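This is upload-v7.cif. It holds mmCIF, C-alpha atoms.
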data_upload
#
loop_
_atom_site.label_atom_id
_atom_site.label_comp_id
_atom_site.auth_asym_id
_atom_site.auth_seq_id
_atom_site.Cartn_x
_atom_site.Cartn_y
_atom_site.Cartn_z
CA MET H 19 0.00 0.00 0.00
CA TYR H 20 1.01 3.61 -0.51
CA GLY H 21 0.31 6.35 2.03
CA LEU H 22 0.66 10.08 2.35
CA ILE H 23 0.59 12.37 5.37
CA GLY H 24 0.57 16.05 4.47
CA LYS H 25 -0.21 19.51 5.75
CA MET H 26 -2.04 22.06 3.63
CA ILE H 27 -2.37 25.75 4.50
CA ALA H 28 -5.58 27.49 3.47
CA ALA H 29 -5.74 31.16 2.57
CA PRO H 30 -6.82 33.08 5.68
CA GLY H 31 -10.47 32.38 6.51
CA LYS H 32 -10.84 29.88 3.65
CA ARG H 33 -10.22 26.57 5.43
CA ASP H 34 -13.82 25.44 5.63
CA GLU H 35 -14.39 26.31 1.97
CA LEU H 36 -11.28 24.28 1.09
CA ILE H 37 -12.47 21.35 3.21
CA ALA H 38 -15.84 21.35 1.42
CA ILE H 39 -14.15 21.24 -2.00
CA MET H 40 -11.85 18.39 -0.94
CA LEU H 41 -14.59 16.28 0.61
CA GLU H 42 -16.74 16.48 -2.51
CA SER H 43 -14.32 14.42 -4.57
CA VAL H 44 -13.04 11.80 -2.12
CA SER H 45 -15.68 9.13 -2.40
CA ALA H 46 -15.15 7.73 -5.89
CA MET H 47 -11.40 7.38 -6.35
CA PRO H 48 -10.39 3.87 -7.51
CA GLY H 49 -7.79 2.30 -5.21
CA CYS H 50 -8.32 4.80 -2.40
CA LEU H 51 -8.52 2.84 0.86
CA SER H 52 -8.54 5.82 3.23
CA TYR H 53 -8.65 9.59 2.79
CA VAL H 54 -9.08 11.74 5.87
CA VAL H 55 -9.33 15.54 5.90
CA ALA H 56 -8.74 17.11 9.30
CA ARG H 57 -8.41 20.58 10.78
CA ASP H 58 -5.42 21.46 12.92
CA PRO H 59 -7.04 22.66 16.16
CA ALA H 60 -4.08 24.85 17.07
CA ASN H 61 -3.66 26.64 13.70
CA ALA H 62 -6.73 28.21 12.10
CA ASP H 63 -5.52 27.86 8.49
CA TRP H 64 -3.93 24.40 8.60
CA LEU H 65 -5.37 21.14 7.28
CA TRP H 66 -3.96 17.64 7.62
CA ILE H 67 -4.60 15.09 4.87
CA THR H 68 -3.85 11.41 5.49
CA GLU H 69 -4.28 9.00 2.62
CA VAL H 70 -3.90 5.26 1.95
CA TRP H 71 -3.96 3.84 -1.57
CA ASP H 72 -3.69 0.27 -2.77
CA SER H 73 -0.70 1.44 -4.87
CA GLU H 74 1.25 4.54 -5.83
CA ALA H 75 -0.09 4.09 -9.37
CA SER H 76 -3.69 4.39 -8.11
CA HIS H 77 -2.81 7.60 -6.33
CA LYS H 78 -1.12 9.01 -9.44
CA ALA H 79 -4.11 8.02 -11.62
CA SER H 80 -6.52 9.75 -9.25
CA LEU H 81 -4.92 13.09 -10.04
CA SER H 82 -6.24 12.80 -13.59
CA LEU H 83 -9.83 12.01 -12.62
CA PRO H 84 -12.15 14.78 -13.90
CA ALA H 85 -13.68 15.30 -10.44
CA VAL H 86 -10.23 15.62 -8.87
CA GLN H 87 -8.97 17.94 -11.64
CA GLN H 88 -12.01 20.18 -11.07
CA ALA H 89 -11.46 20.13 -7.29
CA ILE H 90 -7.79 21.07 -7.72
CA ALA H 91 -8.72 23.96 -10.00
CA ARG H 92 -11.31 25.26 -7.51
CA ALA H 93 -9.04 24.75 -4.51
CA LYS H 94 -5.85 26.30 -5.93
CA PRO H 95 -6.87 29.94 -5.44
CA ILE H 96 -7.57 29.37 -1.73
CA ILE H 97 -4.48 27.28 -0.91
CA ALA H 98 -1.77 29.46 0.62
CA GLY H 99 0.82 26.69 0.77
CA PHE H 100 1.86 23.19 1.74
CA GLY H 101 3.83 21.89 4.70
CA ASP H 102 6.14 18.89 4.46
CA TYR H 103 4.56 15.67 3.41
CA THR H 104 5.56 12.15 4.34
CA VAL H 105 5.28 9.14 2.06
CA THR H 106 4.47 5.99 4.02
CA GLU H 107 4.01 2.28 3.42
CA PRO H 108 0.78 1.33 5.24
CA VAL H 109 0.78 -2.29 6.42
CA GLY H 110 -2.63 -2.60 8.00
CA GLY H 111 -5.11 -1.28 10.48
CA HIS H 112 -8.78 -0.44 10.80
CA GLY H 113 -10.86 1.52 8.30
CA LEU H 114 -8.99 0.50 5.18
CA GLY H 115 -11.56 -0.39 2.60
CA MET P 27 -13.92 13.66 15.67
CA TYR P 28 -10.48 13.34 17.25
CA GLY P 29 -7.38 12.44 15.29
CA LEU P 30 -3.75 11.67 15.92
CA ILE P 31 -0.76 11.55 13.58
CA GLY P 32 2.37 10.21 15.22
CA LYS P 33 5.76 8.69 14.58
CA MET P 34 7.07 5.74 16.57
CA ILE P 35 10.66 4.48 16.47
CA ALA P 36 11.21 0.75 16.87
CA ALA P 37 14.29 -0.73 18.47
CA PRO P 38 16.73 -1.67 15.68
CA GLY P 39 15.46 -4.63 13.67
CA LYS P 40 12.21 -4.83 15.67
CA ARG P 41 9.83 -2.83 13.47
CA ASP P 42 7.97 -5.77 11.97
CA GLU P 43 7.57 -7.39 15.40
CA LEU P 44 6.17 -4.07 16.68
CA ILE P 45 3.81 -3.80 13.72
CA ALA P 46 2.46 -7.30 14.39
CA ILE P 47 1.74 -6.45 18.04
CA MET P 48 -0.02 -3.22 17.10
CA LEU P 49 -2.17 -4.76 14.39
CA GLU P 50 -3.41 -7.49 16.70
CA SER P 51 -5.36 -5.07 18.88
CA VAL P 52 -6.74 -2.52 16.39
CA SER P 53 -9.92 -4.23 15.29
CA ALA P 54 -12.14 -4.05 18.39
CA MET P 55 -11.70 -0.57 19.84
CA PRO P 56 -15.04 1.19 20.45
CA GLY P 57 -15.19 4.58 18.74
CA CYS P 58 -12.19 3.93 16.52
CA LEU P 59 -13.07 5.08 12.99
CA SER P 60 -9.63 4.65 11.44
CA TYR P 61 -6.31 3.29 12.65
CA VAL P 62 -3.50 2.91 10.13
CA VAL P 63 -0.04 1.51 10.87
CA ALA P 64 2.56 2.32 8.22
CA ARG P 65 6.28 1.86 7.71
CA ASP P 66 8.44 4.85 6.79
CA PRO P 67 10.12 3.67 3.56
CA ALA P 68 13.12 5.93 4.09
CA ASN P 69 13.88 5.03 7.73
CA ALA P 70 14.11 1.35 8.66
CA ASP P 71 13.02 1.79 12.29
CA TRP P 72 10.24 4.35 11.89
CA LEU P 73 6.50 3.74 11.99
CA TRP P 74 3.69 6.21 11.33
CA ILE P 75 0.37 5.79 13.12
CA THR P 76 -2.68 7.78 11.95
CA GLU P 77 -5.86 7.49 13.97
CA VAL P 78 -9.41 8.84 13.87
CA TRP P 79 -11.78 8.44 16.80
CA ASP P 80 -15.38 9.53 17.22
CA SER P 81 -14.19 11.47 20.32
CA GLU P 82 -11.15 12.12 22.47
CA ALA P 83 -12.92 10.23 25.27
CA SER P 84 -13.13 7.09 23.11
CA HIS P 85 -9.43 7.31 22.42
CA LYS P 86 -8.63 7.74 26.10
CA ALA P 87 -10.91 4.81 27.05
CA SER P 88 -9.20 2.56 24.51
CA LEU P 89 -5.96 2.84 26.44
CA SER P 90 -7.58 0.91 29.30
CA LEU P 91 -8.88 -1.94 27.18
CA PRO P 92 -7.25 -5.24 28.27
CA ALA P 93 -6.11 -6.05 24.71
CA VAL P 94 -4.54 -2.60 24.34
CA GLN P 95 -2.90 -2.77 27.78
CA GLN P 96 -1.38 -6.15 26.87
CA ALA P 97 -0.19 -4.80 23.51
CA ILE P 98 1.43 -1.79 25.20
CA ALA P 99 3.21 -4.05 27.69
CA ARG P 100 4.52 -6.30 24.88
CA ALA P 101 5.49 -3.37 22.66
CA LYS P 102 7.27 -1.22 25.26
CA PRO P 103 10.55 -3.17 25.30
CA ILE P 104 10.92 -2.82 21.52
CA ILE P 105 9.99 0.86 21.22
CA ALA P 106 13.09 3.05 21.08
CA GLY P 107 11.20 6.35 21.09
CA PHE P 108 8.49 8.58 19.71
CA GLY P 109 8.63 11.46 17.27
CA ASP P 110 6.34 14.46 17.52
CA TYR P 111 2.68 13.76 17.32
CA THR P 112 -0.07 15.98 15.97
CA VAL P 113 -3.60 16.18 17.34
CA THR P 114 -6.13 16.82 14.58
CA GLU P 115 -9.83 17.40 14.19
CA PRO P 116 -10.96 15.12 11.33
CA VAL P 117 -13.96 16.50 9.44
CA GLY P 118 -14.60 13.78 6.88
CA GLY P 119 -13.24 11.62 4.13
CA HIS P 120 -13.25 8.03 2.94
CA GLY P 121 -12.66 4.95 5.09
CA LEU P 122 -14.07 6.31 8.33
CA GLY P 123 -16.28 3.66 9.81
#
Representation of the structure as C-alpha cells:
Amino acid sequence: MYGLIGKMIAAPGKRDELIAIMLESVSAMPGCLSYVVARDPANADWLWITEVWDSEASHKASLSLPAVQQAIARAKPIIAGFGDYTVTEPVGGHGLG
Amino acid sequence: MYGLIGKMIAAPGKRDELIAIMLESVSAMPGCLSYVVARDPANADWLWITEVWDSEASHKASLSLPAVQQAIARAKPIIAGFGDYTVTEPVGGHGLG
C-alpha cells in the first residue's frame, strides 16, 4: 500500500471552503482505501490530509480524474501553501476499505 | 472527531515485530473510525500511526482496554522512542467507519 501524510495551508479564513471542495471528490477514487481531511485545532488555516492507496499508481491516476482535476482547479486559489509531506508504506489497520 | 498523527521508532530490527503487536489489537476498539499503521520507507526503524476516533474520550478509554494494555506491555521493550505527534480534528473523508 502507498500512504501520504501532508499539511495544507488554506488562505486566511478559507479553510472550511477548502475542506468542502476536498470532501466532494473523495468518495469515488479507484484504489483509495482511506482519505481523511482534518483541521489542525491549534492553527486556524492548517489542514492535515492522510491518505492510503492500494498502490502509488492508483494515487497518481486519481490526479487525472475529472472530479479531482475540477477540485484542484477550484481549490488552488484558496491554498496558501503546503507543509512537508511524508510518504508511508501502510501495512494494515482499521478503516482501510 | 479526534485524530492523531504520530511517529514511533522501533528498536533496531524490531519494526515488523512491533507492527504485528499493534495490528493485533486494532480491530475491536469502540469509537475507533480509522487506525492505520505504516512503515516509513526511508527510515528502517520508523513507523507512522494515523488514527481517527469519534471522540477524544473514546481514544482515552481505549488505552484501558485489556487487549490494548497487553499490547502496550509487549510493545514497550521494543519501542526506542516517539517522534512528535499531531492532534487533529478530522472532518470527513473516505474509510471512516
Quick one: chain H onto chain P, least squares on all Cα paired in order, result as a PDB file with C-alpha atoms, keeping the file's coordinate frame?
ATOM      1  CA  MET H  19     -13.922  13.646  15.683  1.00  0.00           C
ATOM      2  CA  TYR H  20     -10.491  13.351  17.250  1.00  0.00           C
ATOM      3  CA  GLY H  21      -7.374  12.415  15.285  1.00  0.00           C
ATOM      4  CA  LEU H  22      -3.746  11.656  15.912  1.00  0.00           C
ATOM      5  CA  ILE H  23      -0.753  11.548  13.587  1.00  0.00           C
ATOM      6  CA  GLY H  24       2.381  10.192  15.228  1.00  0.00           C
ATOM      7  CA  LYS H  25       5.773   8.682  14.570  1.00  0.00           C
ATOM      8  CA  MET H  26       7.069   5.733  16.562  1.00  0.00           C
ATOM      9  CA  ILE H  27      10.660   4.478  16.468  1.00  0.00           C
ATOM     10  CA  ALA H  28      11.198   0.744  16.862  1.00  0.00           C
ATOM     11  CA  ALA H  29      14.290  -0.738  18.459  1.00  0.00           C
ATOM     12  CA  PRO H  30      16.725  -1.646  15.672  1.00  0.00           C
ATOM     13  CA  GLY H  31      15.449  -4.623  13.669  1.00  0.00           C
ATOM     14  CA  LYS H  32      12.205  -4.822  15.669  1.00  0.00           C
ATOM     15  CA  ARG H  33       9.816  -2.832  13.468  1.00  0.00           C
ATOM     16  CA  ASP H  34       7.969  -5.769  11.971  1.00  0.00           C
ATOM     17  CA  GLU H  35       7.557  -7.372  15.397  1.00  0.00           C
ATOM     18  CA  LEU H  36       6.164  -4.061  16.686  1.00  0.00           C
ATOM     19  CA  ILE H  37       3.794  -3.788  13.719  1.00  0.00           C
ATOM     20  CA  ALA H  38       2.460  -7.300  14.388  1.00  0.00           C
ATOM     21  CA  ILE H  39       1.754  -6.456  18.043  1.00  0.00           C
ATOM     22  CA  MET H  40      -0.020  -3.213  17.108  1.00  0.00           C
ATOM     23  CA  LEU H  41      -2.170  -4.753  14.394  1.00  0.00           C
ATOM     24  CA  GLU H  42      -3.420  -7.491  16.704  1.00  0.00           C
ATOM     25  CA  SER H  43      -5.354  -5.069  18.880  1.00  0.00           C
ATOM     26  CA  VAL H  44      -6.749  -2.535  16.403  1.00  0.00           C
ATOM     27  CA  SER H  45      -9.933  -4.212  15.297  1.00  0.00           C
ATOM     28  CA  ALA H  46     -12.131  -4.058  18.390  1.00  0.00           C
ATOM     29  CA  MET H  47     -11.694  -0.582  19.847  1.00  0.00           C
ATOM     30  CA  PRO H  48     -15.041   1.183  20.451  1.00  0.00           C
ATOM     31  CA  GLY H  49     -15.194   4.580  18.734  1.00  0.00           C
ATOM     32  CA  CYS H  50     -12.179   3.936  16.515  1.00  0.00           C
ATOM     33  CA  LEU H  51     -13.078   5.075  12.994  1.00  0.00           C
ATOM     34  CA  SER H  52      -9.627   4.657  11.441  1.00  0.00           C
ATOM     35  CA  TYR H  53      -6.296   3.292  12.647  1.00  0.00           C
ATOM     36  CA  VAL H  54      -3.501   2.908  10.130  1.00  0.00           C
ATOM     37  CA  VAL H  55      -0.036   1.507  10.865  1.00  0.00           C
ATOM     38  CA  ALA H  56       2.560   2.317   8.224  1.00  0.00           C
ATOM     39  CA  ARG H  57       6.285   1.874   7.709  1.00  0.00           C
ATOM     40  CA  ASP H  58       8.446   4.839   6.795  1.00  0.00           C
ATOM     41  CA  PRO H  59      10.124   3.684   3.569  1.00  0.00           C
ATOM     42  CA  ALA H  60      13.126   5.945   4.079  1.00  0.00           C
ATOM     43  CA  ASN H  61      13.889   5.037   7.730  1.00  0.00           C
ATOM     44  CA  ALA H  62      14.135   1.359   8.657  1.00  0.00           C
ATOM     45  CA  ASP H  63      13.036   1.791  12.294  1.00  0.00           C
ATOM     46  CA  TRP H  64      10.248   4.356  11.899  1.00  0.00           C
ATOM     47  CA  LEU H  65       6.498   3.742  11.983  1.00  0.00           C
ATOM     48  CA  TRP H  66       3.698   6.204  11.313  1.00  0.00           C
ATOM     49  CA  ILE H  67       0.375   5.795  13.119  1.00  0.00           C
ATOM     50  CA  THR H  68      -2.668   7.764  11.954  1.00  0.00           C
ATOM     51  CA  GLU H  69      -5.846   7.480  13.965  1.00  0.00           C
ATOM     52  CA  VAL H  70      -9.413   8.841  13.877  1.00  0.00           C
ATOM     53  CA  TRP H  71     -11.779   8.449  16.819  1.00  0.00           C
ATOM     54  CA  ASP H  72     -15.371   9.539  17.228  1.00  0.00           C
ATOM     55  CA  SER H  73     -14.193  11.480  20.321  1.00  0.00           C
ATOM     56  CA  GLU H  74     -11.142  12.113  22.471  1.00  0.00           C
ATOM     57  CA  ALA H  75     -12.923  10.233  25.268  1.00  0.00           C
ATOM     58  CA  SER H  76     -13.135   7.087  23.100  1.00  0.00           C
ATOM     59  CA  HIS H  77      -9.430   7.300  22.412  1.00  0.00           C
ATOM     60  CA  LYS H  78      -8.639   7.742  26.113  1.00  0.00           C
ATOM     61  CA  ALA H  79     -10.913   4.802  27.039  1.00  0.00           C
ATOM     62  CA  SER H  80      -9.190   2.560  24.505  1.00  0.00           C
ATOM     63  CA  LEU H  81      -5.950   2.832  26.447  1.00  0.00           C
ATOM     64  CA  SER H  82      -7.581   0.919  29.295  1.00  0.00           C
ATOM     65  CA  LEU H  83      -8.884  -1.944  27.159  1.00  0.00           C
ATOM     66  CA  PRO H  84      -7.254  -5.229  28.275  1.00  0.00           C
ATOM     67  CA  ALA H  85      -6.119  -6.043  24.721  1.00  0.00           C
ATOM     68  CA  VAL H  86      -4.534  -2.605  24.350  1.00  0.00           C
ATOM     69  CA  GLN H  87      -2.904  -2.767  27.808  1.00  0.00           C
ATOM     70  CA  GLN H  88      -1.391  -6.147  26.874  1.00  0.00           C
ATOM     71  CA  ALA H  89      -0.190  -4.790  23.510  1.00  0.00           C
ATOM     72  CA  ILE H  90       1.430  -1.780  25.200  1.00  0.00           C
ATOM     73  CA  ALA H  91       3.209  -4.037  27.682  1.00  0.00           C
ATOM     74  CA  ARG H  92       4.526  -6.286  24.889  1.00  0.00           C
ATOM     75  CA  ALA H  93       5.482  -3.368  22.657  1.00  0.00           C
ATOM     76  CA  LYS H  94       7.260  -1.209  25.260  1.00  0.00           C
ATOM     77  CA  PRO H  95      10.528  -3.171  25.305  1.00  0.00           C
ATOM     78  CA  ILE H  96      10.928  -2.825  21.523  1.00  0.00           C
ATOM     79  CA  ILE H  97       9.975   0.861  21.213  1.00  0.00           C
ATOM     80  CA  ALA H  98      13.091   3.030  21.070  1.00  0.00           C
ATOM     81  CA  GLY H  99      11.193   6.316  21.085  1.00  0.00           C
ATOM     82  CA  PHE H 100       8.489   8.575  19.719  1.00  0.00           C
ATOM     83  CA  GLY H 101       8.631  11.452  17.262  1.00  0.00           C
ATOM     84  CA  ASP H 102       6.337  14.464  17.507  1.00  0.00           C
ATOM     85  CA  TYR H 103       2.671  13.767  17.308  1.00  0.00           C
ATOM     86  CA  THR H 104      -0.072  15.986  15.963  1.00  0.00           C
ATOM     87  CA  VAL H 105      -3.596  16.156  17.338  1.00  0.00           C
ATOM     88  CA  THR H 106      -6.125  16.813  14.583  1.00  0.00           C
ATOM     89  CA  GLU H 107      -9.845  17.404  14.188  1.00  0.00           C
ATOM     90  CA  PRO H 108     -10.959  15.111  11.334  1.00  0.00           C
ATOM     91  CA  VAL H 109     -13.960  16.491   9.440  1.00  0.00           C
ATOM     92  CA  GLY H 110     -14.596  13.780   6.896  1.00  0.00           C
ATOM     93  CA  GLY H 111     -13.236  11.624   4.149  1.00  0.00           C
ATOM     94  CA  HIS H 112     -13.243   8.040   2.953  1.00  0.00           C
ATOM     95  CA  GLY H 113     -12.664   4.959   5.095  1.00  0.00           C
ATOM     96  CA  LEU H 114     -14.081   6.316   8.324  1.00  0.00           C
ATOM     97  CA  GLY H 115     -16.280   3.646   9.768  1.00  0.00           C
TER      98      GLY H 115
END
Using all atoms listed in the file, tabulate the residues of region 30-109 of chain H lying at most 12 Å from any atom of region 54-60 of chain P, each with its closest atom pair and that distance in Å to one decimal, by chain and increasing residue number, as a Markdown table.
| residue | atom | partner | partner_atom | distance |
| --- | --- | --- | --- | --- |
| H:Leu51 | CA | P:Ser60 | CA | 10.8 |
| H:Ser52 | CA | P:Ser60 | CA | 8.4 |
| H:Tyr53 | CA | P:Ser60 | CA | 10.0 |
| H:Val54 | CA | P:Ser60 | CA | 9.0 |
| H:Thr68 | CA | P:Ser60 | CA | 10.7 |
| H:Glu69 | CA | P:Ser60 | CA | 11.2 |
| H:Val70 | CA | P:Ser60 | CA | 11.1 |
Around the point (-9.2, 14.1, 4.8) in the file's coordinates, collect all residues with an atom within 6 Å, using only C-alpha atoms, and return them as a PyMOL selection string.
(chain H and resi 53-56+67) or (chain P and resi 118-119)
Fewer than 6 positions away in the same chain doesn't count, so skip those; otherwise give me all residues within 12 Å of Ala101 (chain P), counting all atoms listed in the file, as a VMD selection string.
chain P and resid 34 to 37 40 to 51 94 to 95 107
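Proximity of H:Ile90, H:Val44, H:Leu22, H:Ile96 to chain P, computed with all atoms listed in the file, is greatest for H:Val44.
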Interatomic distance, CA of Glu115 (chain P) to CA of Trp66 (chain H) (Å, one decimal)
8.8 Å
Smallest atom-to-atom distance to chain P: which of H:Pro84, H:Tyr20, H:Leu65, H:Arg57, using only C-alpha atoms?
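Of the candidates, the smallest distance to chain P is held by H:Arg57.
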Apply the PyMOL selection byres ((chain H and resi 101) around 6) to the file shown and report the selected residues as a list in words.
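So the PyMOL selection byres ((chain H and resi 101) around 6), applied here, picks out Lys25, Met26, Phe100 and Asp102 of chain H.
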Using all atoms listed in the file, can you tell me which of P:Ala87, P:Pro67, P:Val113, P:Gly121 comes closest to Met19 (chain H)?
P:Pro67
Enter the distance from CA of Tyr103 (chain H) to CA of Trp79 (chain P), in Å, rounded to one decimal.
22.3 Å
Have a look at CA of Leu122 (chain P) and CA of Gly115 (chain H) and let me know their distance in Å, one decimal.
9.2 Å
Counting all atoms listed in the file, what is within 12 Å of Gly31 (chain H), bar same-chain residues fewer than 6 positions away, as an NGL selection string?
:H and (37 or 61-64 or 96-98)
Quick one: what's the axis-aligned box for region 63-69 of chain P, all listed atoms, 6 Å on every side, centre and edges in Å to one decimal, as lines of an AutoDock Vina configuration file?
center_x = 6.9
center_y = 3.7
center_z = 7.2
size_x = 25.9
size_y = 16.4
size_z = 19.3
Is there a way to complete region 32-42 of chain H with all heavy atoms and then write that out as a tab-separated table (two decimals), in the frame of the given file?
chain	number	residue	atom	x	y	z
H	32	LYS	N	-10.29	30.71	4.74
H	32	LYS	CA	-10.84	29.88	3.65
H	32	LYS	C	-10.79	28.38	3.95
H	32	LYS	O	-11.08	27.56	3.07
H	32	LYS	CB	-10.05	30.15	2.37
H	32	LYS	CG	-10.21	31.58	1.84
H	32	LYS	CD	-11.59	31.79	1.26
H	32	LYS	CE	-11.74	33.15	0.60
H	32	LYS	NZ	-13.13	33.36	0.11
H	33	ARG	N	-10.42	28.00	5.16
H	33	ARG	CA	-10.22	26.57	5.43
H	33	ARG	C	-11.49	25.75	5.24
H	33	ARG	O	-11.46	24.71	4.59
H	33	ARG	CB	-9.66	26.37	6.84
H	33	ARG	CG	-9.40	24.90	7.14
H	33	ARG	CD	-8.58	24.68	8.38
H	33	ARG	NE	-9.30	25.09	9.59
H	33	ARG	CZ	-8.80	24.94	10.81
H	33	ARG	NH1	-7.59	24.45	10.98
H	33	ARG	NH2	-9.49	25.32	11.87
H	34	ASP	N	-12.60	26.23	5.75
H	34	ASP	CA	-13.82	25.44	5.63
H	34	ASP	C	-14.26	25.30	4.17
H	34	ASP	O	-14.74	24.25	3.75
H	34	ASP	CB	-14.93	26.03	6.51
H	34	ASP	CG	-14.71	25.71	7.99
H	34	ASP	OD1	-13.92	24.77	8.28
H	34	ASP	OD2	-15.28	26.40	8.85
H	35	GLU	N	-14.04	26.37	3.40
H	35	GLU	CA	-14.39	26.31	1.97
H	35	GLU	C	-13.51	25.26	1.29
H	35	GLU	O	-13.98	24.46	0.47
H	35	GLU	CB	-14.19	27.69	1.34
H	35	GLU	CG	-14.66	27.82	-0.09
H	35	GLU	CD	-14.44	29.23	-0.65
H	35	GLU	OE1	-14.36	30.19	0.15
H	35	GLU	OE2	-14.31	29.35	-1.88
H	36	LEU	N	-12.23	25.24	1.67
H	36	LEU	CA	-11.28	24.28	1.09
H	36	LEU	C	-11.66	22.85	1.49
H	36	LEU	O	-11.66	21.94	0.67
H	36	LEU	CB	-9.88	24.63	1.59
H	36	LEU	CG	-8.69	23.89	1.02
H	36	LEU	CD1	-8.71	23.88	-0.50
H	36	LEU	CD2	-7.38	24.50	1.54
H	37	ILE	N	-12.04	22.68	2.74
H	37	ILE	CA	-12.47	21.35	3.21
H	37	ILE	C	-13.66	20.86	2.39
H	37	ILE	O	-13.69	19.72	1.91
H	37	ILE	CB	-12.85	21.42	4.71
H	37	ILE	CG1	-11.62	21.56	5.59
H	37	ILE	CG2	-13.67	20.18	5.11
H	37	ILE	CD1	-11.93	21.83	7.05
H	38	ALA	N	-14.63	21.74	2.16
H	38	ALA	CA	-15.84	21.35	1.42
H	38	ALA	C	-15.47	20.89	0.01
H	38	ALA	O	-15.95	19.86	-0.47
H	38	ALA	CB	-16.82	22.52	1.37
H	39	ILE	N	-14.57	21.62	-0.64
H	39	ILE	CA	-14.15	21.24	-2.00
H	39	ILE	C	-13.50	19.86	-1.96
H	39	ILE	O	-13.80	18.96	-2.76
H	39	ILE	CB	-13.18	22.28	-2.58
H	39	ILE	CG1	-13.89	23.61	-2.84
H	39	ILE	CG2	-12.52	21.77	-3.86
H	39	ILE	CD1	-12.96	24.77	-3.20
H	40	MET	N	-12.61	19.66	-1.00
H	40	MET	CA	-11.85	18.39	-0.94
H	40	MET	C	-12.77	17.22	-0.65
H	40	MET	O	-12.62	16.15	-1.22
H	40	MET	CB	-10.76	18.50	0.11
H	40	MET	CG	-9.76	19.59	-0.24
H	40	MET	SD	-8.38	19.58	0.87
H	40	MET	CE	-7.56	18.09	0.28
H	41	LEU	N	-13.72	17.41	0.23
H	41	LEU	CA	-14.59	16.28	0.61
H	41	LEU	C	-15.54	15.88	-0.51
H	41	LEU	O	-15.96	14.73	-0.59
H	41	LEU	CB	-15.37	16.61	1.89
H	41	LEU	CG	-14.53	16.68	3.14
H	41	LEU	CD1	-15.42	16.98	4.36
H	41	LEU	CD2	-13.75	15.39	3.38
H	42	GLU	N	-15.81	16.80	-1.42
H	42	GLU	CA	-16.74	16.48	-2.51
H	42	GLU	C	-16.19	15.37	-3.41
H	42	GLU	O	-16.92	14.56	-3.94
H	42	GLU	CB	-16.97	17.72	-3.39
H	42	GLU	CG	-18.11	18.60	-2.95
H	42	GLU	CD	-18.08	19.92	-3.75
H	42	GLU	OE1	-17.71	19.89	-4.93
H	42	GLU	OE2	-18.38	20.94	-3.12
